[in-house]
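Pasted below: coords_4.pdb, PDB, C-alpha atoms and all ligand atoms.
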```
ATOM      1  CA  MET A1469      27.261  98.629  64.722
ATOM      2  CA  ALA A1470      29.120 101.765  65.522
ATOM      3  CA  SER A1471      28.106 103.201  68.846
ATOM      4  CA  SER A1472      28.817 106.841  68.096
ATOM      5  CA  GLU A1473      29.805 109.338  65.496
ATOM      6  CA  PHE A1474      32.708 111.734  65.932
ATOM      7  CA  SER A1475      32.447 113.886  69.019
ATOM      8  CA  GLN A1476      34.948 116.433  70.174
ATOM      9  CA  ARG A1477      36.480 115.794  73.567
ATOM     10  CA  ASP A1478      35.420 118.402  76.128
ATOM     11  CA  ASP A1479      38.842 118.385  77.693
ATOM     12  CA  THR A1480      40.833 118.410  74.465
ATOM     13  CA  VAL A1481      44.481 119.278  74.951
ATOM     14  CA  VAL A1482      45.054 121.723  72.120
ATOM     15  CA  SER A1483      48.357 123.190  73.166
ATOM     16  CA  ALA A1484      50.509 123.678  76.212
ATOM     17  CA  GLY A1485      48.741 125.734  78.845
ATOM     18  CA  SER A1486      45.109 124.976  77.939
ATOM     19  CA  GLY A1487      43.031 124.525  81.090
ATOM     20  CA  SER A1488      40.866 121.601  82.138
ATOM     21  CA  SER A1489      39.064 121.127  85.428
ATOM     22  CA  SER A1490      38.604 117.354  85.135
ATOM     23  CA  LEU A1491      41.322 114.970  84.043
ATOM     24  CA  ASN A1492      40.774 111.643  82.340
ATOM     25  CA  ARG A1493      43.330 108.882  82.399
ATOM     26  CA  ARG A1494      44.851 109.877  79.073
ATOM     27  CA  ASP A1495      45.368 113.482  80.188
ATOM     28  CA  TRP A1496      46.722 112.328  83.546
ATOM     29  CA  LEU A1497      49.350 110.207  81.813
ATOM     30  CA  ARG A1498      50.327 113.095  79.579
ATOM     31  CA  LEU A1499      50.636 115.535  82.432
ATOM     32  CA  THR A1500      52.572 113.066  84.574
ATOM     33  CA  ILE A1501      55.049 112.371  81.804
ATOM     34  CA  GLY A1502      55.236 116.054  80.900
ATOM     35  CA  ALA A1503      55.733 117.123  84.503
ATOM     36  CA  SER A1504      58.431 114.525  85.086
ATOM     37  CA  ALA A1505      60.252 115.584  81.959
ATOM     38  CA  GLY A1506      59.823 119.225  82.934
ATOM     39  CA  LEU A1507      61.287 118.669  86.419
ATOM     40  CA  ALA A1508      64.216 116.791  85.002
ATOM     41  CA  LEU A1509      64.979 119.209  82.189
ATOM     42  CA  GLY A1510      63.790 122.526  83.623
ATOM     43  CA  SER A1511      67.133 123.435  85.039
ATOM     44  CA  LEU A1512      69.065 122.268  82.006
ATOM     45  CA  VAL A1513      67.276 123.736  78.979
ATOM     46  CA  ASP A1514      65.616 126.915  77.817
ATOM     47  CA  VAL A1515      61.925 126.040  78.341
ATOM     48  CA  LYS A1516      60.701 128.919  76.145
ATOM     49  CA  ALA A1517      62.824 127.728  73.262
ATOM     50  CA  VAL A1518      61.565 124.179  73.723
ATOM     51  CA  ARG A1519      57.951 125.380  73.711
ATOM     52  CA  ALA A1520      58.577 127.363  70.521
ATOM     53  CA  ALA A1521      60.137 124.302  68.903
ATOM     54  CA  ASN A1522      57.123 122.212  69.963
ATOM     55  CA  GLU A1523      54.940 124.240  67.625
ATOM     56  CA  ASN A1524      56.309 122.159  64.767
ATOM     57  CA  LEU A1525      55.852 118.798  66.458
ATOM     58  CA  LYS A1526      53.401 116.260  65.137
ATOM     59  CA  LEU A1527      50.819 116.746  67.884
ATOM     60  CA  SER A1528      50.999 120.518  68.368
ATOM     61  CA  ASN A1529      47.962 122.678  67.565
ATOM     62  CA  ILE A1530      45.629 119.730  67.142
ATOM     63  CA  ARG A1531      42.055 119.034  68.124
ATOM     64  CA  GLU A1532      40.982 115.691  69.515
ATOM     65  CA  PHE A1533      37.781 113.810  68.786
ATOM     66  CA  THR A1534      36.485 110.533  70.133
ATOM     67  CA  THR A1535      35.065 108.039  67.688
ATOM     68  CA  SER A1536      34.587 104.282  67.213
ATOM     69  CA  CYS A1537      36.561 101.784  65.162
ATOM     70  CA  ASN A1538      34.521 100.902  62.085
ATOM     71  CA  PHE A1539      35.917  97.486  61.312
ATOM     72  CA  CYS A1540      33.718  95.267  63.452
ATOM     73  CA  SER A1541      30.775  95.427  65.783
ATOM     74  CA  CYS A1542      32.820  95.496  69.021
ATOM     75  CA  GLY A1543      32.787  99.298  68.832
ATOM     76  CA  CYS A1544      36.228  99.946  70.327
ATOM     77  CA  GLY A1545      36.782 103.583  71.235
ATOM     78  CA  MET A1546      39.375 105.652  69.393
ATOM     79  CA  VAL A1547      40.819 109.124  69.694
ATOM     80  CA  ALA A1548      41.393 111.034  66.467
ATOM     81  CA  THR A1549      43.684 114.058  66.335
ATOM     82  CA  VAL A1550      42.974 116.583  63.614
ATOM     83  CA  ARG A1551      44.855 119.643  62.399
ATOM     84  CA  ASP A1552      43.465 121.954  59.699
ATOM     85  CA  ASN A1553      40.687 119.416  59.028
ATOM     86  CA  LYS A1554      43.269 116.743  58.299
ATOM     87  CA  LEU A1555      43.514 113.498  60.288
ATOM     88  CA  ILE A1556      46.909 113.309  62.006
ATOM     89  CA  THR A1557      46.648 110.218  64.241
ATOM     90  CA  LEU A1558      44.150 107.542  65.299
ATOM     91  CA  GLU A1559      44.706 105.520  68.455
ATOM     92  CA  GLY A1560      42.831 103.531  71.083
ATOM     93  CA  ASP A1561      40.919 105.494  73.705
ATOM     94  CA  TYR A1562      42.211 104.646  77.197
ATOM     95  CA  ASP A1563      38.990 105.981  78.719
ATOM     96  CA  HIS A1564      36.653 103.850  76.596
ATOM     97  CA  VAL A1565      34.712 101.179  78.459
ATOM     98  CA  VAL A1566      35.006  98.565  75.673
ATOM     99  CA  ASN A1567      38.720  98.480  74.877
ATOM    100  CA  GLU A1568      40.490 100.658  77.485
ATOM    101  CA  GLY A1569      42.977 101.875  74.903
ATOM    102  CA  SER A1570      43.797  98.623  73.122
ATOM    103  CA  LEU A1571      43.062  97.929  69.468
ATOM    104  CA  CYS A1572      43.304  94.724  67.462
ATOM    105  CA  VAL A1573      45.351  94.634  64.275
ATOM    106  CA  LYS A1574      42.390  95.788  62.191
ATOM    107  CA  GLY A1575      41.801  98.782  64.415
ATOM    108  CA  MET A1576      45.505  99.623  64.338
ATOM    109  CA  SER A1577      45.449  99.609  60.540
ATOM    110  CA  MET A1578      42.613 102.129  60.432
ATOM    111  CA  PHE A1579      44.847 105.150  59.909
ATOM    112  CA  PRO A1580      46.898 103.797  56.977
ATOM    113  CA  THR A1581      43.677 102.510  55.436
ATOM    114  CA  HIS A1582      42.134 105.946  55.774
ATOM    115  CA  ALA A1583      45.118 107.670  54.191
ATOM    116  CA  SER A1584      45.868 105.062  51.508
ATOM    117  CA  PRO A1585      46.097 106.407  47.960
ATOM    118  CA  GLN A1586      44.642 103.066  46.841
ATOM    119  CA  ARG A1587      41.365 103.790  48.579
ATOM    120  CA  ASN A1588      38.457 104.145  46.167
ATOM    121  CA  GLN A1589      37.207 107.698  45.926
ATOM    122  CA  VAL A1590      34.497 107.132  43.293
ATOM    123  CA  PRO A1591      32.270 104.195  42.258
ATOM    124  CA  ARG A1592      33.812 101.775  39.767
ATOM    125  CA  TYR A1593      32.179  99.577  37.141
ATOM    126  CA  ARG A1594      33.348  96.477  35.320
ATOM    127  CA  ALA A1595      31.213  95.672  32.311
ATOM    128  CA  PRO A1596      30.201  92.035  31.635
ATOM    129  CA  GLY A1597      33.132  90.310  29.906
ATOM    130  CA  SER A1598      35.488  93.218  30.525
ATOM    131  CA  ASP A1599      38.907  92.748  32.114
ATOM    132  CA  HIS A1600      39.144  96.166  33.731
ATOM    133  CA  TRP A1601      37.302  98.552  36.009
ATOM    134  CA  GLU A1602      36.335 102.060  35.028
ATOM    135  CA  ASP A1603      35.441 105.053  37.176
ATOM    136  CA  ILE A1604      31.817 106.173  36.963
ATOM    137  CA  THR A1605      29.903 109.029  38.567
ATOM    138  CA  TRP A1606      27.760 108.622  41.673
ATOM    139  CA  GLU A1607      24.684 109.503  39.577
ATOM    140  CA  ASP A1608      25.524 106.739  37.126
ATOM    141  CA  ALA A1609      26.071 104.242  39.972
ATOM    142  CA  VAL A1610      22.786 105.084  41.680
ATOM    143  CA  THR A1611      20.891 104.840  38.385
ATOM    144  CA  ARG A1612      22.399 101.435  37.582
ATOM    145  CA  ILE A1613      21.622 100.091  41.058
ATOM    146  CA  ALA A1614      18.040 101.411  40.952
ATOM    147  CA  GLN A1615      17.425  99.825  37.543
ATOM    148  CA  LYS A1616      18.788  96.462  38.690
ATOM    149  CA  ILE A1617      16.728  96.492  41.876
ATOM    150  CA  ARG A1618      13.596  97.361  39.942
ATOM    151  CA  ALA A1619      14.144  94.672  37.303
ATOM    152  CA  THR A1620      14.960  92.008  39.914
ATOM    153  CA  ARG A1621      12.022  92.913  42.108
ATOM    154  CA  ASP A1622       9.523  92.942  39.226
ATOM    155  CA  SER A1623      10.672  89.630  37.798
ATOM    156  CA  THR A1624      10.668  87.765  41.144
ATOM    157  CA  TRP A1625       7.685  89.332  42.871
ATOM    158  CA  ILE A1626       5.517  86.979  44.921
ATOM    159  CA  ALA A1627       2.104  88.497  45.556
ATOM    160  CA  THR A1628       0.359  85.566  47.236
ATOM    161  CA  GLU A1629       1.169  82.193  48.691
ATOM    162  CA  LYS A1630      -0.974  79.169  49.447
ATOM    163  CA  ALA A1631      -1.826  78.667  53.088
ATOM    164  CA  GLY A1632      -4.006  75.586  53.325
ATOM    165  CA  ASP A1633      -6.832  75.997  50.867
ATOM    166  CA  THR A1634      -6.554  79.732  50.487
ATOM    167  CA  ASN A1635      -4.167  82.196  48.910
ATOM    168  CA  VAL A1636      -2.822  84.838  51.279
ATOM    169  CA  ALA A1637      -1.096  88.058  50.308
ATOM    170  CA  VAL A1638       2.670  88.064  51.071
ATOM    171  CA  ASN A1639       3.971  90.743  48.707
ATOM    172  CA  ARG A1640       7.684  89.978  48.783
ATOM    173  CA  THR A1641      10.728  89.095  46.705
ATOM    174  CA  ASP A1642      13.164  86.357  47.667
ATOM    175  CA  ALA A1643      15.793  87.566  45.208
ATOM    176  CA  ILE A1644      17.096  90.607  47.080
ATOM    177  CA  ALA A1645      18.944  90.695  50.403
ATOM    178  CA  PHE A1646      20.309  93.527  52.523
ATOM    179  CA  LEU A1647      23.686  93.376  54.234
ATOM    180  CA  GLY A1648      24.520  95.892  56.943
ATOM    181  CA  GLY A1649      27.992  96.713  58.222
ATOM    182  CA  ALA A1650      29.754  97.592  61.448
ATOM    183  CA  GLN A1651      30.150 101.139  60.207
ATOM    184  CA  ASN A1652      26.421 101.763  60.222
ATOM    185  CA  THR A1653      24.889 103.799  62.998
ATOM    186  CA  ASN A1654      21.627 102.903  64.721
ATOM    187  CA  GLU A1655      19.844 105.531  62.645
ATOM    188  CA  GLU A1656      21.243 104.136  59.389
ATOM    189  CA  CYS A1657      20.193 100.611  60.400
ATOM    190  CA  TYR A1658      16.682 101.871  61.064
ATOM    191  CA  LEU A1659      16.573 103.292  57.538
ATOM    192  CA  PHE A1660      17.997 100.049  56.110
ATOM    193  CA  GLN A1661      15.183  98.105  57.722
ATOM    194  CA  LYS A1662      12.568 100.523  56.446
ATOM    195  CA  PHE A1663      13.970 100.406  52.917
ATOM    196  CA  ALA A1664      14.263  96.603  52.906
ATOM    197  CA  ARG A1665      10.664  96.144  54.023
ATOM    198  CA  LEU A1666       9.497  98.764  51.534
ATOM    199  CA  LEU A1667      11.058  96.764  48.718
ATOM    200  CA  GLY A1668       9.447  93.584  50.016
ATOM    201  CA  THR A1669      12.579  91.708  51.065
ATOM    202  CA  VAL A1670      12.777  89.777  54.318
ATOM    203  CA  TYR A1671      16.484  88.952  54.186
ATOM    204  CA  VAL A1672      18.387  91.464  56.319
ATOM    205  CA  GLU A1673      21.723  90.425  57.761
ATOM    206  CA  HIS A1674      24.780  91.882  59.450
ATOM    207  CA  GLN A1675      28.339  91.628  58.183
ATOM    208  CA  ALA A1676      29.568  90.325  61.555
ATOM    209  CA  ARG A1677      27.598  87.064  61.092
ATOM    210  CA  LEU A1678      29.249  86.167  57.805
TER     211      LEU A1678
HETATM  212  S1  LIG B   1      39.759  97.460  67.132
HETATM  213 FE1  LIG B   1      39.376  95.397  66.399
HETATM  214  S2  LIG B   1      37.975  94.481  67.902
HETATM  215 FE2  LIG B   1      37.905  96.725  68.168
HETATM  216  S3  LIG B   1      36.157  97.402  66.882
HETATM  217 FE3  LIG B   1      38.051  97.574  65.663
HETATM  218  S4  LIG B   1      38.154  95.633  64.540
HETATM  219 FE4  LIG B   1      36.728  95.324  66.233
END
```

Any chance you could give the structure as structure tokens?
Ligand code: SF4
Amino acid sequence: MASSEFSQRDDTVVSAGSGSSSLNRRDWLRLTIGASAGLALGSLVDVKAVRAANENLKLSNIREFTTSCNFCSCGCGMVATVRDNKLITLEGDYDHVVNEGSLCVKGMSMFPTHASPQRNQVPRYRAPGSDHWEDITWEDAVTRIAQKIRATRDSTWIATEKAGDTNVAVNRTDAIAFLGGAQNTNEECYLFQKFARLLGTVYVEHQARL
């Protein structure tokens, strides 16, 4: 499960000249590279003009947030850069204890997946026998799911079971299962468990064990 939600880095490098009293490894690398480049080029170029030109670069005027990769339960750390509430880059977090900056191919594909125009934005429904999907509203989706859960639960409900010579109350259904995902936070998993038990299902599993 994901270990954390988005959190802004305390020592975010927003633009040239922003101060920070403590340096992490990522910032140290940046400053080292920047300082080396500055020493080499300082006497050759107009630094003010270069700084002005930097305003249009990909990573100028951004804010950085730490987050976790959502694809599996390893919880690799990532750094997201955001400008005007739009995600600009996603990369491995060199200061994260799990992955130390590296990402597997799934983690590396997170950004294009996030920005893909093929990503579903609304629920979709394919009617029985139909050969195509149609967009439906969230209200419609929730209503359909609730009706199916109710009908399944009612028709498969087991109130009691024999234990020796007596019937004991079990109050469950064996026809519904819950499947959690690596994207779910601890709090969401707690609610999943509550909801599953409320419905009377004992089958709760995690996507990583499939
Ligand atoms: S980068 Fe790969 S190993 Fe790490 S959490 Fe994402 S999917 Fe899992």

_Excluding region 1617-1623 of chain A and its own-chain neighbours fewer than 4 positions away, which residues fall within 8 Å of it when counting all atoms listed in the file? Please give them as a PyMOL selection string._
chain A and resi 1613+1641+1643-1644+1667

_Nearest to ligand LIG 1 (chain B), chosen from A:Ala1650, A:Ile1604, A:Val1547, A:Val1515, with only C-alpha atoms and all ligand atoms counted in the distances_ =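 Of the candidates, the smallest distance to ligand LIG 1 (chain B) is held by A:Ala1650.
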
_Which residues are near ligand LIG 1 (chain B) - at most 6 Å, using all atoms listed in the file? Format: as an MDAnalysis selection string._
chainID A and resid 1537 1539:1544 1571:1572 1574:1575

*Residues matched by the PyMOL selection byres (((chain A and resi 1545) around 7) and not hetatm) as a PyMOL selection string*: chain A and resi 1535-1537+1543-1544+1546+1560-1561+1564+1566-1567

*Near region 1591-1593 of chain A, counting only C-alpha atoms, which residues have an atom at most 10 Å away, once you skip same-chain residues fewer than 3 positions from it, shown as an MDAnalysis selection string?*
chainID A and resid 1588 1596 1598 1600:1610 1612

_Applying the PyMOL selection byres (((chain A and resi 1640) around 9) and not hetatm) to the file I just gave you, which residues come out? Please list them as a ChimeraX atom specification._
/A:1621,1624-1628,1638-1639,1641-1642,1665,1667-1670

*How many Å separate CA of Ser1577 (chain A) from CA of Asn1652 (chain A)?*
19.2 Å
